[in-house]
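J.: Contents of coords-v4.pdb (PDB, C-alpha atoms):
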```pdb
ATOM      1  CA  ILE A   1      76.360  99.637 100.147  1.00  0.00           C
ATOM      2  CA  CYS A   2      74.563  99.691 103.506  1.00  0.00           C
ATOM      3  CA  ALA A   3      71.241  99.316 101.678  1.00  0.00           C
ATOM      4  CA  ASN A   4      72.667  96.345  99.819  1.00  0.00           C
ATOM      5  CA  GLN A   5      73.685  94.776 103.109  1.00  0.00           C
ATOM      6  CA  TYR A   6      70.244  95.512 104.584  1.00  0.00           C
ATOM      7  CA  SER A   7      68.510  93.885 101.584  1.00  0.00           C
ATOM      8  CA  GLY A   8      70.646  90.779 101.830  1.00  0.00           C
ATOM      9  CA  GLY A   9      72.637  91.576  98.677  1.00  0.00           C
ATOM     10  CA  GLU A  10      69.648  92.087  96.388  1.00  0.00           C
ATOM     11  CA  ILE A  11      70.966  95.405  95.062  1.00  0.00           C
ATOM     12  CA  GLY A  12      74.354  94.070  93.949  1.00  0.00           C
ATOM     13  CA  TRP A  13      77.249  95.934  92.372  1.00  0.00           C
ATOM     14  CA  LEU A  14      75.145  97.137  89.455  1.00  0.00           C
ATOM     15  CA  GLY A  15      72.668  98.751  91.802  1.00  0.00           C
ATOM     16  CA  ILE A  16      75.480 100.270  93.854  1.00  0.00           C
ATOM     17  CA  ALA A  17      77.081 101.677  90.714  1.00  0.00           C
ATOM     18  CA  LEU A  18      73.810 103.166  89.471  1.00  0.00           C
ATOM     19  CA  ALA A  19      72.976 104.681  92.871  1.00  0.00           C
ATOM     20  CA  HIS A  20      76.452 106.164  93.264  1.00  0.00           C
ATOM     21  CA  SER A  21      76.553 107.621  89.754  1.00  0.00           C
ATOM     22  CA  SER A  22      72.995 108.999  90.004  1.00  0.00           C
ATOM     23  CA  ALA A  23      73.871 110.848  93.203  1.00  0.00           C
ATOM     24  CA  LEU A  24      77.061 112.219  91.653  1.00  0.00           C
ATOM     25  CA  ILE A  25      75.283 113.373  88.485  1.00  0.00           C
ATOM     26  CA  CYS A  26      72.663 115.199  90.552  1.00  0.00           C
ATOM     27  CA  MET A  27      75.338 116.909  92.657  1.00  0.00           C
ATOM     28  CA  ILE A  28      77.289 117.961  89.562  1.00  0.00           C
ATOM     29  CA  TYR A  29      74.231 119.625  88.056  1.00  0.00           C
ATOM     30  CA  ALA A  30      73.162 121.085  91.398  1.00  0.00           C
ATOM     31  CA  THR A  31      76.527 122.608  92.372  1.00  0.00           C
ATOM     32  CA  GLY A  32      78.403 122.861  89.084  1.00  0.00           C
ATOM     33  CA  HIS A  33      77.386 126.480  88.521  1.00  0.00           C
ATOM     34  CA  VAL A  34      78.319 127.385  92.097  1.00  0.00           C
ATOM     35  CA  SER A  35      81.662 125.732  92.776  1.00  0.00           C
ATOM     36  CA  GLY A  36      82.314 123.455  89.814  1.00  0.00           C
ATOM     37  CA  GLY A  37      80.783 120.408  91.480  1.00  0.00           C
ATOM     38  CA  HIS A  38      84.112 118.714  92.169  1.00  0.00           C
ATOM     39  CA  VAL A  39      82.941 116.550  95.104  1.00  0.00           C
ATOM     40  CA  ASN A  40      86.360 114.879  94.971  1.00  0.00           C
ATOM     41  CA  PRO A  41      89.814 115.994  96.180  1.00  0.00           C
ATOM     42  CA  ALA A  42      91.402 114.284  93.157  1.00  0.00           C
ATOM     43  CA  VAL A  43      89.303 116.430  90.815  1.00  0.00           C
ATOM     44  CA  THR A  44      90.097 119.566  92.809  1.00  0.00           C
ATOM     45  CA  LEU A  45      93.822 118.787  92.642  1.00  0.00           C
ATOM     46  CA  ALA A  46      93.675 118.357  88.873  1.00  0.00           C
ATOM     47  CA  VAL A  47      91.659 121.546  88.423  1.00  0.00           C
ATOM     48  CA  ALA A  48      94.177 123.455  90.554  1.00  0.00           C
ATOM     49  CA  ILE A  49      97.101 122.057  88.552  1.00  0.00           C
ATOM     50  CA  GLY A  50      95.356 123.280  85.413  1.00  0.00           C
ATOM     51  CA  GLY A  51      95.248 126.784  86.875  1.00  0.00           C
ATOM     52  CA  HIS A  52      91.457 126.993  87.011  1.00  0.00           C
ATOM     53  CA  ILE A  53      91.395 127.671  90.765  1.00  0.00           C
ATOM     54  CA  THR A  54      93.944 128.978  93.266  1.00  0.00           C
ATOM     55  CA  PRO A  55      95.719 126.688  95.744  1.00  0.00           C
ATOM     56  CA  GLN A  56      93.921 128.453  98.596  1.00  0.00           C
ATOM     57  CA  ARG A  57      90.514 127.761  97.070  1.00  0.00           C
ATOM     58  CA  ALA A  58      91.543 124.176  96.340  1.00  0.00           C
ATOM     59  CA  ALA A  59      92.454 123.677 100.015  1.00  0.00           C
ATOM     60  CA  MET A  60      89.046 125.021 101.072  1.00  0.00           C
ATOM     61  CA  TYR A  61      87.316 122.708  98.599  1.00  0.00           C
ATOM     62  CA  VAL A  62      89.166 119.649  99.896  1.00  0.00           C
ATOM     63  CA  ALA A  63      88.407 120.557 103.517  1.00  0.00           C
ATOM     64  CA  SER A  64      84.723 120.943 102.612  1.00  0.00           C
ATOM     65  CA  GLN A  65      84.688 117.620 100.783  1.00  0.00           C
ATOM     66  CA  LEU A  66      86.203 115.789 103.750  1.00  0.00           C
ATOM     67  CA  ALA A  67      83.810 117.484 106.151  1.00  0.00           C
ATOM     68  CA  GLY A  68      80.802 116.594 103.996  1.00  0.00           C
ATOM     69  CA  ALA A  69      81.910 112.984 103.669  1.00  0.00           C
ATOM     70  CA  SER A  70      82.409 112.737 107.435  1.00  0.00           C
ATOM     71  CA  ILE A  71      78.942 114.102 108.150  1.00  0.00           C
ATOM     72  CA  ALA A  72      77.466 111.644 105.648  1.00  0.00           C
ATOM     73  CA  GLY A  73      79.277 108.779 107.370  1.00  0.00           C
ATOM     74  CA  PHE A  74      77.840 109.646 110.783  1.00  0.00           C
ATOM     75  CA  VAL A  75      74.368 110.121 109.299  1.00  0.00           C
ATOM     76  CA  LEU A  76      74.564 106.599 107.856  1.00  0.00           C
ATOM     77  CA  ALA A  77      75.628 105.259 111.249  1.00  0.00           C
ATOM     78  CA  ALA A  78      72.506 106.847 112.720  1.00  0.00           C
ATOM     79  CA  LEU A  79      70.198 105.539 109.994  1.00  0.00           C
ATOM     80  CA  TYR A  80      71.256 101.899 110.131  1.00  0.00           C
ATOM     81  CA  THR A  81      71.723  99.609 113.086  1.00  0.00           C
ATOM     82  CA  PRO A  82      75.241  98.329 113.852  1.00  0.00           C
ATOM     83  CA  GLU A  83      74.132  94.872 112.746  1.00  0.00           C
ATOM     84  CA  VAL A  84      73.684  96.282 109.242  1.00  0.00           C
ATOM     85  CA  TRP A  85      76.567  98.683 108.822  1.00  0.00           C
ATOM     86  CA  GLU A  86      79.339  96.992 110.782  1.00  0.00           C
ATOM     87  CA  PRO A  87      79.821  94.092 108.305  1.00  0.00           C
ATOM     88  CA  VAL A  88      80.385  96.617 105.500  1.00  0.00           C
ATOM     89  CA  ALA A  89      82.030  99.326 107.653  1.00  0.00           C
ATOM     90  CA  LEU A  90      79.416 101.899 106.593  1.00  0.00           C
ATOM     91  CA  GLY A  91      80.452 101.432 102.985  1.00  0.00           C
ATOM     92  CA  THR A  92      84.138 102.090 103.557  1.00  0.00           C
ATOM     93  CA  PRO A  93      86.024 100.820 100.490  1.00  0.00           C
ATOM     94  CA  LEU A  94      87.941  97.690 101.407  1.00  0.00           C
ATOM     95  CA  LEU A  95      90.725  95.881  99.609  1.00  0.00           C
ATOM     96  CA  SER A  96      89.976  92.324  98.535  1.00  0.00           C
ATOM     97  CA  PRO A  97      92.195  89.737 100.278  1.00  0.00           C
ATOM     98  CA  GLU A  98      93.314  88.546  96.836  1.00  0.00           C
ATOM     99  CA  VAL A  99      94.585  92.017  95.843  1.00  0.00           C
ATOM    100  CA  ALA A 100      97.992  93.268  96.961  1.00  0.00           C
ATOM    101  CA  PHE A 101      98.436  96.727  98.488  1.00  0.00           C
ATOM    102  CA  SER A 102     100.447  98.004  95.515  1.00  0.00           C
ATOM    103  CA  THR A 103      97.934  96.556  93.071  1.00  0.00           C
ATOM    104  CA  GLY A 104      95.153  98.315  94.932  1.00  0.00           C
ATOM    105  CA  ILE A 105      96.974 101.634  94.508  1.00  0.00           C
ATOM    106  CA  LEU A 106      97.418 100.975  90.796  1.00  0.00           C
ATOM    107  CA  ILE A 107      93.734 100.106  90.331  1.00  0.00           C
ATOM    108  CA  GLU A 108      92.552 103.212  92.152  1.00  0.00           C
ATOM    109  CA  ALA A 109      95.035 105.365  90.246  1.00  0.00           C
ATOM    110  CA  LEU A 110      93.872 104.058  86.860  1.00  0.00           C
ATOM    111  CA  LEU A 111      90.186 104.400  87.700  1.00  0.00           C
ATOM    112  CA  THR A 112      90.672 107.927  89.021  1.00  0.00           C
ATOM    113  CA  PHE A 113      92.728 108.873  85.982  1.00  0.00           C
ATOM    114  CA  PHE A 114      89.850 107.996  83.653  1.00  0.00           C
ATOM    115  CA  LEU A 115      87.328 109.736  85.892  1.00  0.00           C
ATOM    116  CA  VAL A 116      89.289 112.968  86.327  1.00  0.00           C
ATOM    117  CA  PHE A 117      90.451 113.089  82.700  1.00  0.00           C
ATOM    118  CA  THR A 118      86.812 112.842  81.638  1.00  0.00           C
ATOM    119  CA  VAL A 119      85.874 115.666  84.006  1.00  0.00           C
ATOM    120  CA  LEU A 120      88.625 117.897  82.643  1.00  0.00           C
ATOM    121  CA  GLN A 121      87.888 117.185  79.005  1.00  0.00           C
ATOM    122  CA  VAL A 122      84.093 117.330  78.956  1.00  0.00           C
ATOM    123  CA  ALA A 123      83.390 119.853  81.725  1.00  0.00           C
ATOM    124  CA  LEU A 124      86.274 122.326  81.846  1.00  0.00           C
ATOM    125  CA  ASP A 125      87.649 122.298  78.319  1.00  0.00           C
ATOM    126  CA  GLY A 126      84.323 122.346  76.496  1.00  0.00           C
ATOM    127  CA  GLY A 127      84.579 118.813  75.174  1.00  0.00           C
ATOM    128  CA  ALA A 128      80.836 118.228  75.587  1.00  0.00           C
ATOM    129  CA  PRO A 129      77.738 120.396  75.120  1.00  0.00           C
ATOM    130  CA  ASP A 130      76.247 122.070  78.170  1.00  0.00           C
ATOM    131  CA  GLY A 131      74.075 119.670  80.113  1.00  0.00           C
ATOM    132  CA  VAL A 132      75.876 116.541  78.920  1.00  0.00           C
ATOM    133  CA  TYR A 133      79.090 116.582  80.944  1.00  0.00           C
ATOM    134  CA  GLY A 134      77.425 115.295  84.125  1.00  0.00           C
ATOM    135  CA  LEU A 135      76.173 112.211  82.328  1.00  0.00           C
ATOM    136  CA  ALA A 136      79.619 111.517  80.867  1.00  0.00           C
ATOM    137  CA  VAL A 137      81.214 111.621  84.313  1.00  0.00           C
ATOM    138  CA  GLY A 138      78.450 109.408  85.714  1.00  0.00           C
ATOM    139  CA  VAL A 139      78.986 106.764  83.032  1.00  0.00           C
ATOM    140  CA  VAL A 140      82.717 106.605  83.803  1.00  0.00           C
ATOM    141  CA  LEU A 141      81.887 106.159  87.480  1.00  0.00           C
ATOM    142  CA  ILE A 142      79.499 103.297  86.713  1.00  0.00           C
ATOM    143  CA  ALA A 143      82.154 101.549  84.630  1.00  0.00           C
ATOM    144  CA  GLY A 144      84.785 101.961  87.338  1.00  0.00           C
ATOM    145  CA  ILE A 145      82.583 100.533  90.083  1.00  0.00           C
ATOM    146  CA  LEU A 146      81.491  97.578  87.980  1.00  0.00           C
ATOM    147  CA  VAL A 147      85.078  96.794  86.979  1.00  0.00           C
ATOM    148  CA  ALA A 148      86.852  97.230  90.301  1.00  0.00           C
ATOM    149  CA  GLY A 149      84.181  97.366  92.997  1.00  0.00           C
ATOM    150  CA  PRO A 150      84.882  93.797  94.154  1.00  0.00           C
ATOM    151  CA  LEU A 151      88.636  94.460  94.088  1.00  0.00           C
ATOM    152  CA  THR A 152      89.142  97.755  95.918  1.00  0.00           C
ATOM    153  CA  GLY A 153      85.669  99.173  96.438  1.00  0.00           C
ATOM    154  CA  ALA A 154      86.357 101.549  93.517  1.00  0.00           C
ATOM    155  CA  ALA A 155      86.438 104.705  95.619  1.00  0.00           C
ATOM    156  CA  MET A 156      88.192 106.958  93.072  1.00  0.00           C
ATOM    157  CA  ASN A 157      87.817 109.647  95.709  1.00  0.00           C
ATOM    158  CA  PRO A 158      89.765 110.158  98.960  1.00  0.00           C
ATOM    159  CA  ALA A 159      86.762 111.825 100.601  1.00  0.00           C
ATOM    160  CA  ARG A 160      84.563 108.884  99.647  1.00  0.00           C
ATOM    161  CA  ALA A 161      86.920 106.637 101.650  1.00  0.00           C
ATOM    162  CA  PHE A 162      87.610 109.069 104.491  1.00  0.00           C
ATOM    163  CA  GLY A 163      84.027 109.777 105.587  1.00  0.00           C
ATOM    164  CA  PRO A 164      82.797 106.246 106.281  1.00  0.00           C
ATOM    165  CA  ALA A 165      86.212 105.233 107.629  1.00  0.00           C
ATOM    166  CA  LEU A 166      86.042 108.009 110.220  1.00  0.00           C
ATOM    167  CA  ALA A 167      82.494 107.132 111.240  1.00  0.00           C
ATOM    168  CA  SER A 168      83.083 103.380 111.378  1.00  0.00           C
ATOM    169  CA  GLY A 169      86.626 103.427 112.736  1.00  0.00           C
ATOM    170  CA  VAL A 170      87.792 101.066 109.980  1.00  0.00           C
ATOM    171  CA  TRP A 171      91.049 102.316 108.436  1.00  0.00           C
ATOM    172  CA  SER A 172      92.232  99.120 106.765  1.00  0.00           C
ATOM    173  CA  ASN A 173      94.571  99.920 103.841  1.00  0.00           C
ATOM    174  CA  HIS A 174      93.288 103.491 103.941  1.00  0.00           C
ATOM    175  CA  LEU A 175      96.408 104.926 102.307  1.00  0.00           C
ATOM    176  CA  ILE A 176      95.441 103.184  99.069  1.00  0.00           C
ATOM    177  CA  TYR A 177      92.492 105.543  98.735  1.00  0.00           C
ATOM    178  CA  TRP A 178      94.702 108.589  99.009  1.00  0.00           C
ATOM    179  CA  ILE A 179      97.815 107.548  97.107  1.00  0.00           C
ATOM    180  CA  GLY A 180      95.897 105.974  94.215  1.00  0.00           C
ATOM    181  CA  PRO A 181      93.324 108.702  93.509  1.00  0.00           C
ATOM    182  CA  VAL A 182      95.750 111.570  94.083  1.00  0.00           C
ATOM    183  CA  SER A 183      98.257 109.966  91.701  1.00  0.00           C
ATOM    184  CA  GLY A 184      95.548 109.326  89.132  1.00  0.00           C
ATOM    185  CA  GLY A 185      94.246 112.883  89.395  1.00  0.00           C
ATOM    186  CA  PHE A 186      97.750 114.303  89.021  1.00  0.00           C
ATOM    187  CA  ALA A 187      98.397 112.149  85.949  1.00  0.00           C
ATOM    188  CA  ALA A 188      95.051 113.189  84.459  1.00  0.00           C
ATOM    189  CA  ALA A 189      95.935 116.863  84.905  1.00  0.00           C
ATOM    190  CA  LEU A 190      99.249 116.365  83.090  1.00  0.00           C
ATOM    191  CA  ALA A 191      97.572 114.371  80.314  1.00  0.00           C
ATOM    192  CA  ASN A 192      94.925 117.053  79.906  1.00  0.00           C
ATOM    193  CA  ARG A 193      97.573 119.751  79.532  1.00  0.00           C
ATOM    194  CA  PHE A 194      99.419 117.615  76.992  1.00  0.00           C
ATOM    195  CA  VAL A 195      96.230 117.082  74.976  1.00  0.00           C
ATOM    196  CA  ALA A 196      95.403 120.782  75.151  1.00  0.00           C
ATOM    197  CA  ALA A 197      98.899 121.702  73.998  1.00  0.00           C
ATOM    198  CA  GLY A 198      98.688 119.109  71.238  1.00  0.00           C
ATOM    199  CA  GLY A 199      95.357 120.514  70.146  1.00  0.00           C
ATOM    200  CA  GLU A 200      96.765 124.020  69.841  1.00  0.00           C
ATOM    201  CA  GLN A 201      99.738 122.649  67.924  1.00  0.00           C
ATOM    202  CA  LEU A 202      97.419 120.817  65.527  1.00  0.00           C
ATOM    203  CA  LYS A 203      95.469 124.027  64.981  1.00  0.00           C
ATOM    204  CA  LYS A 204      98.704 125.838  64.091  1.00  0.00           C
ATOM    205  CA  ILE A 205      99.723 123.051  61.718  1.00  0.00           C
ATOM    206  CA  TRP A 206      96.273 123.083  60.097  1.00  0.00           C
ATOM    207  CA  LYS A 207      96.367 126.859  59.711  1.00  0.00           C
ATOM    208  CA  THR A 208      99.844 126.725  58.184  1.00  0.00           C
ATOM    209  CA  ALA A 209      98.849 123.914  55.838  1.00  0.00           C
ATOM    210  CA  THR A 210      95.655 125.627  54.670  1.00  0.00           C
ATOM    211  CA  THR A 211      97.494 128.927  54.177  1.00  0.00           C
ATOM    212  CA  ALA A 212     100.204 127.222  52.134  1.00  0.00           C
ATOM    213  CA  THR A 213      97.580 125.375  50.082  1.00  0.00           C
ATOM    214  CA  TYR A 214      95.724 128.625  49.383  1.00  0.00           C
ATOM    215  CA  LYS A 215      98.907 130.406  48.325  1.00  0.00           C
ATOM    216  CA  THR A 216      99.917 127.503  46.085  1.00  0.00           C
ATOM    217  CA  ALA A 217      96.489 127.410  44.484  1.00  0.00           C
ATOM    218  CA  HIS A 218      96.557 131.184  43.985  1.00  0.00           C
ATOM    219  CA  ILE A 219      99.996 131.075  42.361  1.00  0.00           C
ATOM    220  CA  TRP A 220      98.953 128.174  40.136  1.00  0.00           C
ATOM    221  CA  SER A 221      95.787 130.004  39.136  1.00  0.00           C
ATOM    222  CA  SER A 222      97.751 133.163  38.307  1.00  0.00           C
ATOM    223  CA  ARG A 223     100.241 131.241  36.193  1.00  0.00           C
ATOM    224  CA  THR A 224      97.438 129.442  34.385  1.00  0.00           C
ATOM    225  CA  ARG A 225      95.778 132.749  33.509  1.00  0.00           C
ATOM    226  CA  THR A 226      99.113 134.147  32.298  1.00  0.00           C
ATOM    227  CA  VAL A 227      99.699 131.147  30.024  1.00  0.00           C
ATOM    228  CA  ARG A 228      96.186 131.399  28.629  1.00  0.00           C
ATOM    229  CA  THR A 229      96.643 135.121  27.942  1.00  0.00           C
ATOM    230  CA  ARG A 230      99.898 134.519  26.084  1.00  0.00           C
ATOM    231  CA  SER A 231      98.365 131.674  24.095  1.00  0.00           C
ATOM    232  CA  SER A 232      95.447 133.863  23.119  1.00  0.00           C
ATOM    233  CA  GLY A 233      97.816 136.640  21.989  1.00  0.00           C
ATOM    234  CA  CYS A 234      99.817 134.215  19.828  1.00  0.00           C
ATOM    235  CA  SER A 235      96.626 132.938  18.202  1.00  0.00           C
ATOM    236  CA  ARG A 236      95.571 136.480  17.211  1.00  0.00           C
ATOM    237  CA  ARG A 237      98.905 137.088  15.569  1.00  0.00           C
TER     238      ARG A 237
END
```
Would it be possible to restate this file's structure as structure tokens?

T.:
Amino acid sequence: ICANQYSGGEIGWLGIALAHSSALICMIYATGHVSGGHVNPAVTLAVAIGGHITPQRAAMYVASQLAGASIAGFVLAALYTPEVWEPVALGTPLLSPEVAFSTGILIEALLTFFLVFTVLQVALDGGAPDGVYGLAVGVVLIAGILVAGPLTGAAMNPARAFGPALASGVWSNHLIYWIGPVSGGFAAALANRFVAAGGEQLKKIWKTATTATYKTAHIWSSRTRTVRTRSSGCSRR
């Protein structure tokens, strides 16, 4: 976002979306085998709700994410002159004047729901082959930024909003970027558990149905052989 401001808007929202998603994809592949590559308190919350990590570890992850985002914010402030970063508040997500506070929460919640649900399904529950899940998450991020970037900044991540806000001192409508993503992550965790439970139920139904079909076919086959045997005996007589 600062680079877009520096270039006079030549990068645009598409460039911002591609840059953001590329960085996220790289971090997922770089840290996924170490810590899961959450990079997002909303993801960590959902993973903790699913029982994949302990609450204590989740708290450490969130603290690390906020610390990393804060460091990144101050690094940006050092890289760019105030004339460049002040108009965009170091990339702090900002609510459009045409969007109400409650609407901003809803937008961020919906975007985060899709992002976190994708993470849970393709990365944690084996919904995608190894090496593909990072790309799936990146594509969802691109879509979210393109759809809602002009409306809310499309943070989908409390740490993403916290870091530049701390470094720039701009806290306008900051609660949106906590309430929305946390709500969306929580909803995604519940939806993931529902889908997982539904999947197990479908497996049980399928197993019961196939077992019943096999037994019915076996009984029918046995009766058919019995009838044929009797018919053959009658013919000999």

J.: Just say which residues the PyMOL selection byres ((chain A and resi 39-43) around 10) picks in this file, as a ChimeraX atom specification.

T.: /A:24,27-28,31-32,35-38,44-49,58-59,61-66,68-69,112-113,115-117,119-120,156-160,178,180-186,188-189

J.: Atom CA of Val88 of chain A and atom CA of Ser172 of chain A are how many Å apart?

T.: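 The value is 12.2 Å.
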
J.: Rank nothing, just name the residue among A:Ala109, A:Val170, A:Ala136, A:Leu175 nearest to Ile25 of chain A, using only C-alpha atoms.

T.: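 Using only C-alpha atoms, the shortest distance to Ile25 of chain A belongs to A:Ala136.
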
J.: Using only C-alpha atoms for the distances, tell me which of A:Leu94, A:Cys26, A:Val139, A:Leu18 is nearest to His174 of chain A.

T.: A:Leu94

J.: Identify the residues around (85.2, 97.0, 100.0) within a radius of 6 Å, measuring from only C-alpha atoms in the coordinates stated by the file, and give them as a list in words.

T.: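 Selection result: Pro93, Leu94, Leu95, Thr152 and Gly153 of chain A.
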
J.: Any idea what the distance is between atom CA of Ala161 of chain A and atom CA of Gly91 of chain A?

T.: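 Atom CA of Ala161 of chain A sits 8.4 Å away from atom CA of Gly91 of chain A.
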
J.: Rounded to one decimal, what separation in Å do you get between atom CA of Leu14 of chain A and atom CA of Ile176 of chain A?

T.: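 One can read the atom CA of Leu14 of chain A to atom CA of Ile176 of chain A distance as 23.3 Å.
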
J.: Using all atoms listed in the file, collect all residues at a distance of at most 6 Å from (76.9, 97.3, 97.3) as written in the file, then present them as a PyMOL selection string.

T.: chain A and resi 1+4+12-13+16

J.: With distances taken over only C-alpha atoms, which of A:Leu106, A:Thr118, A:Leu111, A:Leu166 is nearest to Leu76 of chain A?

T.: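 Answer, going by the shortest atom-to-atom distance: A:Leu166.
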
J.: For each of A:Glu108, A:Ala187, A:Phe114, A:Ala123, take the minimum atom-to-atom distance to Ala148 of chain A, counting all atoms listed in the file, then give the residue where this is smallest.

T.: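 The answer is A:Glu108, which sits nearest to Ala148 of chain A.
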
J.: How big is the axis-aligned box, and where does its centre sit, when it encloses all atoms of segment 27-41 of chain A listed in the file and has 5 Å added on every side, reported in Å to one decimal as lines of an AutoDock Vina configuration file?

T.:
```
center_x = 81.5
center_y = 121.1
center_z = 92.1
size_x = 26.7
size_y = 22.5
size_z = 18.1
```

J.: Considering all atoms listed in the file, can you say which of A:Ile71, A:Ala154, A:Leu135, A:Leu124 comes closest to Ala17 of chain A?

T.: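 Under the stated criterion, the closest residue is A:Ala154.
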
J.: Give me the residues within 12 Å of Val75 of chain A as a PyMOL selection string, counting only C-alpha atoms and dropping any in the same chain fewer than 3 places off.

T.: chain A and resi 2+68-72+78-81+85+90+163-164+166-168

J.: With all atoms listed in the file as the atoms that count, which of A:Ala191, A:Gly134, A:Ser7, A:Ala77 lies nearest to Ala30 of chain A?

T.: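 With all atoms listed in the file as the atom set, the closest residue is A:Gly134.
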